[in-house]
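Asker: So I've got this file, final01.pdb, and it contains PDB, C-alpha atoms, pLDDT in the B column:
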MODEL        1
ATOM      1  CA  MET A  19     -10.010 -19.778 199.581  1.00 42.00           C
ATOM      2  CA  THR A  20     -11.491 -17.001 197.446  1.00 47.00           C
ATOM      3  CA  GLU A  21     -14.727 -16.501 199.344  1.00 61.00           C
ATOM      4  CA  GLY A  22     -15.266 -12.963 200.539  1.00 85.00           C
ATOM      5  CA  ARG A  23     -12.445 -11.380 198.554  1.00 92.00           C
ATOM      6  CA  THR A  24     -12.684  -7.729 197.590  1.00 94.00           C
ATOM      7  CA  ALA A  25     -10.575  -6.152 194.868  1.00 96.00           C
ATOM      8  CA  PHE A  26     -10.120  -2.618 193.610  1.00 96.00           C
ATOM      9  CA  MET A  27      -8.924  -1.737 190.112  1.00 97.00           C
ATOM     10  CA  GLY A  28      -7.789   1.788 189.385  1.00 94.00           C
ATOM     11  CA  ASP A  29      -4.872   4.063 188.635  1.00 91.00           C
ATOM     12  CA  ALA A  30      -1.907   4.031 191.022  1.00 90.00           C
ATOM     13  CA  ASP A  31      -3.122   7.080 192.978  1.00 89.00           C
ATOM     14  CA  SER A  32      -6.681   5.776 193.369  1.00 88.00           C
ATOM     15  CA  VAL A  33      -5.686   2.404 194.806  1.00 90.00           C
ATOM     16  CA  LEU A  34      -3.498   3.753 197.628  1.00 88.00           C
ATOM     17  CA  GLY A  35      -6.259   4.217 200.196  1.00 86.00           C
ATOM     18  CA  PHE A  36      -7.799   0.837 199.455  1.00 89.00           C
ATOM     19  CA  ARG A  37      -4.428  -0.895 199.744  1.00 88.00           C
ATOM     20  CA  ALA A  38      -4.011   0.656 203.204  1.00 87.00           C
ATOM     21  CA  LEU A  39      -7.335  -0.936 204.191  1.00 88.00           C
ATOM     22  CA  GLY A  40      -6.155  -4.384 203.119  1.00 87.00           C
ATOM     23  CA  VAL A  41      -8.161  -4.552 199.891  1.00 93.00           C
ATOM     24  CA  GLU A  42      -6.488  -6.336 196.976  1.00 96.00           C
ATOM     25  CA  THR A  43      -5.501  -3.612 194.524  1.00 97.00           C
ATOM     26  CA  TYR A  44      -4.604  -3.686 190.857  1.00 97.00           C
ATOM     27  CA  SER A  45      -3.337  -0.904 188.593  1.00 96.00           C
ATOM     28  CA  PRO A  46      -3.225  -2.362 185.096  1.00 96.00           C
ATOM     29  CA  GLY A  47      -2.119   0.250 182.588  1.00 90.00           C
ATOM     30  CA  ASP A  48      -3.399  -0.557 179.133  1.00 95.00           C
ATOM     31  CA  ARG A  49      -6.791  -1.756 177.901  1.00 96.00           C
ATOM     32  CA  GLU A  50      -5.638  -5.349 177.387  1.00 97.00           C
ATOM     33  CA  SER A  51      -4.167  -5.585 180.907  1.00 97.00           C
ATOM     34  CA  ILE A  52      -7.299  -4.061 182.414  1.00 97.00           C
ATOM     35  CA  ARG A  53      -9.523  -6.609 180.671  1.00 97.00           C
ATOM     36  CA  LYS A  54      -7.240  -9.541 181.563  1.00 98.00           C
ATOM     37  CA  THR A  55      -7.132  -8.518 185.229  1.00 98.00           C
ATOM     38  CA  PHE A  56     -10.923  -8.171 185.411  1.00 98.00           C
ATOM     39  CA  SER A  57     -11.420 -11.514 183.669  1.00 97.00           C
ATOM     40  CA  ARG A  58      -9.061 -13.235 186.122  1.00 98.00           C
ATOM     41  CA  LEU A  59     -10.851 -11.730 189.134  1.00 97.00           C
ATOM     42  CA  VAL A  60     -14.213 -12.944 187.785  1.00 96.00           C
ATOM     43  CA  ARG A  61     -12.785 -16.450 187.162  1.00 96.00           C
ATOM     44  CA  GLU A  62     -11.411 -16.496 190.707  1.00 95.00           C
ATOM     45  CA  LYS A  63     -14.904 -15.636 191.974  1.00 94.00           C
ATOM     46  CA  VAL A  64     -13.885 -12.456 193.782  1.00 95.00           C
ATOM     47  CA  SER A  65     -17.007 -11.306 195.648  1.00 93.00           C
ATOM     48  CA  VAL A  66     -16.725  -7.556 195.062  1.00 92.00           C
ATOM     49  CA  ILE A  67     -14.750  -5.838 192.326  1.00 94.00           C
ATOM     50  CA  MET A  68     -14.524  -2.069 192.603  1.00 93.00           C
ATOM     51  CA  VAL A  69     -13.344  -0.192 189.514  1.00 94.00           C
ATOM     52  CA  THR A  70     -12.759   3.457 188.767  1.00 92.00           C
ATOM     53  CA  GLU A  71     -14.878   5.131 186.115  1.00 89.00           C
ATOM     54  CA  ASP A  72     -11.909   5.171 183.745  1.00 88.00           C
ATOM     55  CA  MET A  73     -11.432   1.406 184.113  1.00 91.00           C
ATOM     56  CA  PHE A  74     -15.160   0.801 183.748  1.00 91.00           C
ATOM     57  CA  GLU A  75     -15.171   2.503 180.349  1.00 88.00           C
ATOM     58  CA  LYS A  76     -12.852  -0.248 179.123  1.00 93.00           C
ATOM     59  CA  LEU A  77     -14.859  -3.016 180.832  1.00 93.00           C
ATOM     60  CA  ALA A  78     -18.534  -2.137 180.298  1.00 89.00           C
ATOM     61  CA  ASP A  79     -19.224  -5.140 178.064  1.00 91.00           C
ATOM     62  CA  MET A  80     -17.467  -7.502 180.473  1.00 95.00           C
ATOM     63  CA  VAL A  81     -19.365  -6.059 183.449  1.00 91.00           C
ATOM     64  CA  ALA A  82     -22.612  -6.611 181.543  1.00 87.00           C
ATOM     65  CA  ASP A  83     -21.666 -10.279 181.157  1.00 90.00           C
ATOM     66  CA  THR A  84     -21.420 -10.622 184.964  1.00 90.00           C
ATOM     67  CA  LEU A  85     -24.939  -9.324 185.688  1.00 81.00           C
ATOM     68  CA  GLY A  86     -26.462 -12.808 185.843  1.00 80.00           C
ATOM     69  CA  LEU A  87     -23.688 -14.284 187.977  1.00 86.00           C
ATOM     70  CA  PRO A  88     -23.906 -14.621 191.763  1.00 87.00           C
ATOM     71  CA  VAL A  89     -20.474 -12.954 192.034  1.00 90.00           C
ATOM     72  CA  PRO A  90     -18.918 -10.539 191.500  1.00 91.00           C
ATOM     73  CA  ALA A  91     -20.776  -7.440 192.530  1.00 88.00           C
ATOM     74  CA  VAL A  92     -19.144  -4.701 190.464  1.00 89.00           C
ATOM     75  CA  VAL A  93     -19.032  -1.235 192.002  1.00 87.00           C
ATOM     76  CA  VAL A  94     -17.990   1.789 189.937  1.00 87.00           C
ATOM     77  CA  LEU A  95     -16.268   4.572 191.875  1.00 86.00           C
ATOM     78  CA  PRO A  96     -14.801   7.903 190.854  1.00 82.00           C
ATOM     79  CA  GLY A  97     -11.022   8.072 190.629  1.00 73.00           C
ATOM     80  CA  VAL A  98      -8.832  10.645 192.334  1.00 69.00           C
ATOM     81  CA  SER A  99      -9.772  13.202 189.675  1.00 63.00           C
ATOM     82  CA  GLY A 100     -13.402  13.135 190.829  1.00 57.00           C
ATOM     83  CA  SER A 101     -16.637  11.857 189.388  1.00 58.00           C
ATOM     84  CA  ARG A 102     -17.688  12.400 185.821  1.00 60.00           C
ATOM     85  CA  ARG A 103     -20.853  10.329 186.335  1.00 61.00           C
ATOM     86  CA  ARG A 104     -19.709   7.971 183.581  1.00 61.00           C
ATOM     87  CA  GLY A 105     -20.074   4.958 185.828  1.00 60.00           C
ATOM     88  CA  GLU A 106     -23.580   5.887 186.919  1.00 64.00           C
ATOM     89  CA  ASP A 107     -24.769   6.376 183.360  1.00 66.00           C
ATOM     90  CA  ALA A 108     -23.234   3.110 182.198  1.00 64.00           C
ATOM     91  CA  ILE A 109     -24.624   1.143 185.154  1.00 64.00           C
ATOM     92  CA  ARG A 110     -28.085   2.617 184.467  1.00 65.00           C
ATOM     93  CA  THR A 111     -27.863   1.386 180.870  1.00 65.00           C
ATOM     94  CA  LEU A 112     -26.790  -2.088 182.007  1.00 62.00           C
ATOM     95  CA  ILE A 113     -29.665  -2.294 184.518  1.00 64.00           C
ATOM     96  CA  ILE A 114     -32.212  -1.275 181.886  1.00 65.00           C
ATOM     97  CA  LYS A 115     -30.784  -3.897 179.540  1.00 62.00           C
ATOM     98  CA  ALA A 116     -30.895  -6.596 182.244  1.00 61.00           C
ATOM     99  CA  VAL A 117     -34.342  -5.980 183.731  1.00 63.00           C
ATOM    100  CA  GLY A 118     -36.059  -3.778 181.166  1.00 67.00           C
ATOM    101  CA  VAL A 119     -36.818  -1.006 183.663  1.00 67.00           C
ATOM    102  CA  ASP A 120     -34.883   2.058 184.825  1.00 67.00           C
ATOM    103  CA  LEU A 121     -34.527   1.192 188.520  1.00 56.00           C
ATOM    104  CA  MET A 122     -32.454   4.324 189.093  1.00 58.00           C
ATOM    105  CA  SER A 123     -35.200   6.662 187.931  1.00 66.00           C
ATOM    106  CA  GLU A 124     -36.134   9.400 190.365  1.00 62.00           C
ATOM    107  CA  ASP A 125     -39.762   9.388 189.170  1.00 57.00           C
ATOM    108  CA  GLU A 126     -42.211   7.688 191.490  1.00 49.00           C
TER     109      GLU A 126
ENDMDL
END
What is this file in C-alpha coordinates?

Answerer:
Amino acid sequence: MTEGRTAFMGDADSVLGFRALGVETYSPGDRESIRKTFSRLVREKVSVIMVTEDMFEKLADMVADTLGLPVPAVVVLPGVSGSRRRGEDAIRTLIIKAVGVDLMSEDE
(Lines of atoms letter the chains of each structure in order from A and count residues from 1; the text may use other names and numbers.)
(Lines give C-alpha, C1' and ligand atoms only; values in the text may rest on other atoms or scores of the structure.)
Protein backbone atom coordinates (compact mmCIF):
# COMPACT_ATOMS: atom_id res chain seq x y z
CA MET A 1 0.00 0.00 0.00
CA THR A 2 1.46 3.36 -1.00
CA GLU A 3 -1.30 5.59 0.32
CA GLY A 4 -0.11 8.20 2.77
CA ARG A 5 3.61 7.73 2.16
CA THR A 6 5.97 10.63 2.79
CA ALA A 7 9.49 10.78 1.39
CA PHE A 8 12.38 13.17 1.83
CA MET A 9 15.18 13.62 -0.71
CA GLY A 10 18.32 15.43 0.32
CA ASP A 11 22.00 15.14 1.12
CA ALA A 12 23.08 12.62 3.76
CA ASP A 13 23.19 15.21 6.56
CA SER A 14 19.78 16.69 5.73
CA VAL A 15 17.92 13.38 5.78
CA LEU A 16 19.08 12.27 9.24
CA GLY A 17 16.35 14.02 11.24
CA PHE A 18 13.61 12.86 8.89
CA ARG A 19 14.84 9.27 9.02
CA ALA A 20 14.61 9.41 12.83
CA LEU A 21 10.95 10.41 12.45
CA GLY A 22 10.21 7.39 10.27
CA VAL A 23 10.04 9.28 6.97
CA GLU A 24 11.37 7.43 3.92
CA THR A 25 14.66 9.11 3.05
CA TYR A 26 16.76 9.13 -0.09
CA SER A 27 20.20 10.63 -0.72
CA PRO A 28 20.87 10.20 -4.43
CA GLY A 29 24.20 11.73 -5.38
CA ASP A 30 24.26 12.71 -9.02
CA ARG A 31 21.69 14.45 -11.22
CA GLU A 32 20.62 11.25 -12.97
CA SER A 33 20.06 9.40 -9.68
CA ILE A 34 18.13 12.34 -8.25
CA ARG A 35 15.81 12.43 -11.26
CA LYS A 36 15.33 8.64 -11.29
CA THR A 37 14.49 8.58 -7.58
CA PHE A 38 11.96 11.41 -7.94
CA SER A 39 10.39 9.75 -10.98
CA ARG A 40 10.02 6.46 -9.09
CA LEU A 41 8.41 8.17 -6.10
CA VAL A 42 5.90 9.91 -8.40
CA ARG A 43 5.11 6.59 -10.17
CA GLU A 44 4.59 4.94 -6.78
CA LYS A 45 2.12 7.71 -5.91
CA VAL A 46 3.94 8.88 -2.79
CA SER A 47 1.66 11.49 -1.20
CA VAL A 48 4.28 14.02 -0.11
CA ILE A 49 7.79 14.37 -1.48
CA MET A 50 10.03 16.79 0.38
CA VAL A 51 13.23 17.87 -1.38
CA THR A 52 16.07 20.15 -0.41
CA GLU A 53 16.65 23.28 -2.45
CA ASP A 54 19.73 21.71 -4.02
CA MET A 55 17.72 18.68 -5.18
CA PHE A 56 14.91 20.91 -6.42
CA GLU A 57 17.29 22.75 -8.74
CA LYS A 58 17.82 19.46 -10.57
CA LEU A 59 14.10 18.59 -10.56
CA ALA A 60 12.26 21.85 -11.32
CA ASP A 61 10.94 20.66 -14.69
CA MET A 62 9.81 17.34 -13.22
CA VAL A 63 8.09 19.09 -10.30
CA ALA A 64 6.28 21.31 -12.80
CA ASP A 65 4.96 18.18 -14.51
CA THR A 66 3.37 17.04 -11.22
CA LEU A 67 1.36 20.25 -10.65
CA GLY A 68 -1.80 18.84 -12.24
CA LEU A 69 -1.60 15.49 -10.46
CA PRO A 70 -3.51 14.69 -7.27
CA VAL A 71 -0.24 13.42 -5.72
CA PRO A 72 2.47 14.13 -4.91
CA ALA A 73 2.55 17.38 -3.03
CA VAL A 74 6.14 18.55 -3.44
CA VAL A 75 7.61 20.60 -0.60
CA VAL A 76 10.95 22.38 -0.99
CA LEU A 77 12.98 22.76 2.20
CA PRO A 78 16.37 24.26 2.94
CA GLY A 79 19.21 21.81 3.48
CA VAL A 80 21.54 21.77 6.46
CA SER A 81 23.46 24.70 5.00
CA GLY A 82 20.41 26.95 5.36
CA SER A 83 17.99 28.57 2.97
CA ARG A 84 19.04 30.35 -0.17
CA ARG A 85 15.41 31.00 -1.14
CA ARG A 86 15.97 29.08 -4.38
CA GLY A 87 13.03 26.81 -3.70
CA GLU A 88 10.67 29.68 -2.96
CA ASP A 89 11.59 31.51 -6.13
CA ALA A 90 11.24 28.40 -8.26
CA ILE A 91 7.90 27.43 -6.70
CA ARG A 92 6.62 30.98 -7.31
CA THR A 93 7.54 30.65 -10.99
CA LEU A 94 5.80 27.27 -11.23
CA ILE A 95 2.63 28.64 -9.59
CA ILE A 96 2.52 31.61 -11.96
CA LYS A 97 2.96 29.24 -14.90
CA ALA A 98 0.20 26.92 -13.63
CA VAL A 99 -2.47 29.45 -12.66
CA GLY A 100 -1.33 32.66 -14.33
CA VAL A 101 -1.28 34.64 -11.08
CA ASP A 102 1.38 35.22 -8.42
CA LEU A 103 -0.40 33.67 -5.43
CA MET A 104 2.64 34.31 -3.24
CA SER A 105 2.56 38.06 -3.79
CA GLU A 106 2.50 40.15 -0.64
CA ASP A 107 0.44 42.88 -2.35
CA GLU A 108 -3.22 42.95 -1.42

Asker: As an exercise, work out the distance from atom CA of A:Ser57 to atom CA of A:Thr84 in Å and give it to one decimal place.

Answerer: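 So the two atoms, atom CA of A:Ser57 and atom CA of A:Thr84, lie 10.1 Å apart.
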
Asker: Using all atoms listed in the file, can you tell me which of A:Ile67, A:Gly35, A:Ala25, A:Ala78 comes closest to A:Ala91?

Answerer: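 Looking only at the distances to A:Ala91, the closest residue turns out to be A:Ile67.
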
Asker: Restricting the calculation to all atoms listed in the file, which member of A:Arg49, A:Val94, A:Lys63, A:Phe36 is positioned closest to A:Arg23?

Answerer: A:Lys63

Asker: Using the chain letters and numbers from the file, which residues does the PyMOL selection byres ((chain A and resi 29) around 10) grab, as a VMD selection string?

Answerer: chain A and resid 26 to 28 30 to 34 43 to 47 69 to 70 72 to 73 97 to 98

Asker: By how many Å are atom CA of A:Glu50 and atom CA of A:Glu75 apart?

Answerer: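 For atom CA of A:Glu50 relative to atom CA of A:Glu75, the distance reads 12.7 Å.
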
Asker: Pick from A:Phe56, A:Gly22, A:Glu62, A:Val93: nearest to A:Met80, with all atoms listed in the file counted?

Answerer: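 Checking each of A:Phe56, A:Gly22, A:Glu62, A:Val93 against A:Met80, counting all atoms listed in the file, the winner is A:Phe56.
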
Asker: Between atom CA of A:Pro96 and atom CA of A:Val41, what distance in Å does the model show, to one decimal?

Answerer: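 Atom CA of A:Val41 lies 16.8 Å from atom CA of A:Pro96.
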
Asker: Please define a box with edges along x, y and z of the file around all atoms of stretch 67-80 of chain A given in the file, extend it by 8 Å on each side, and return its centre and edge lengths in Å to one decimal, as JSON.

Answerer:
{"center_x": -15.3, "center_y": -1.2, "center_z": 185.3, "size_x": 23.8, "size_y": 28.7, "size_z": 30.5}

Asker: Identify which of the residues A:Thr24, A:Thr55, A:Lys76, A:Asp48 lies closest to A:Val89, counting all atoms listed in the file when measuring atom-to-atom distances.

Answerer: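 Once distances to A:Val89 are computed over all atoms listed in the file, the minimum belongs to A:Thr24.
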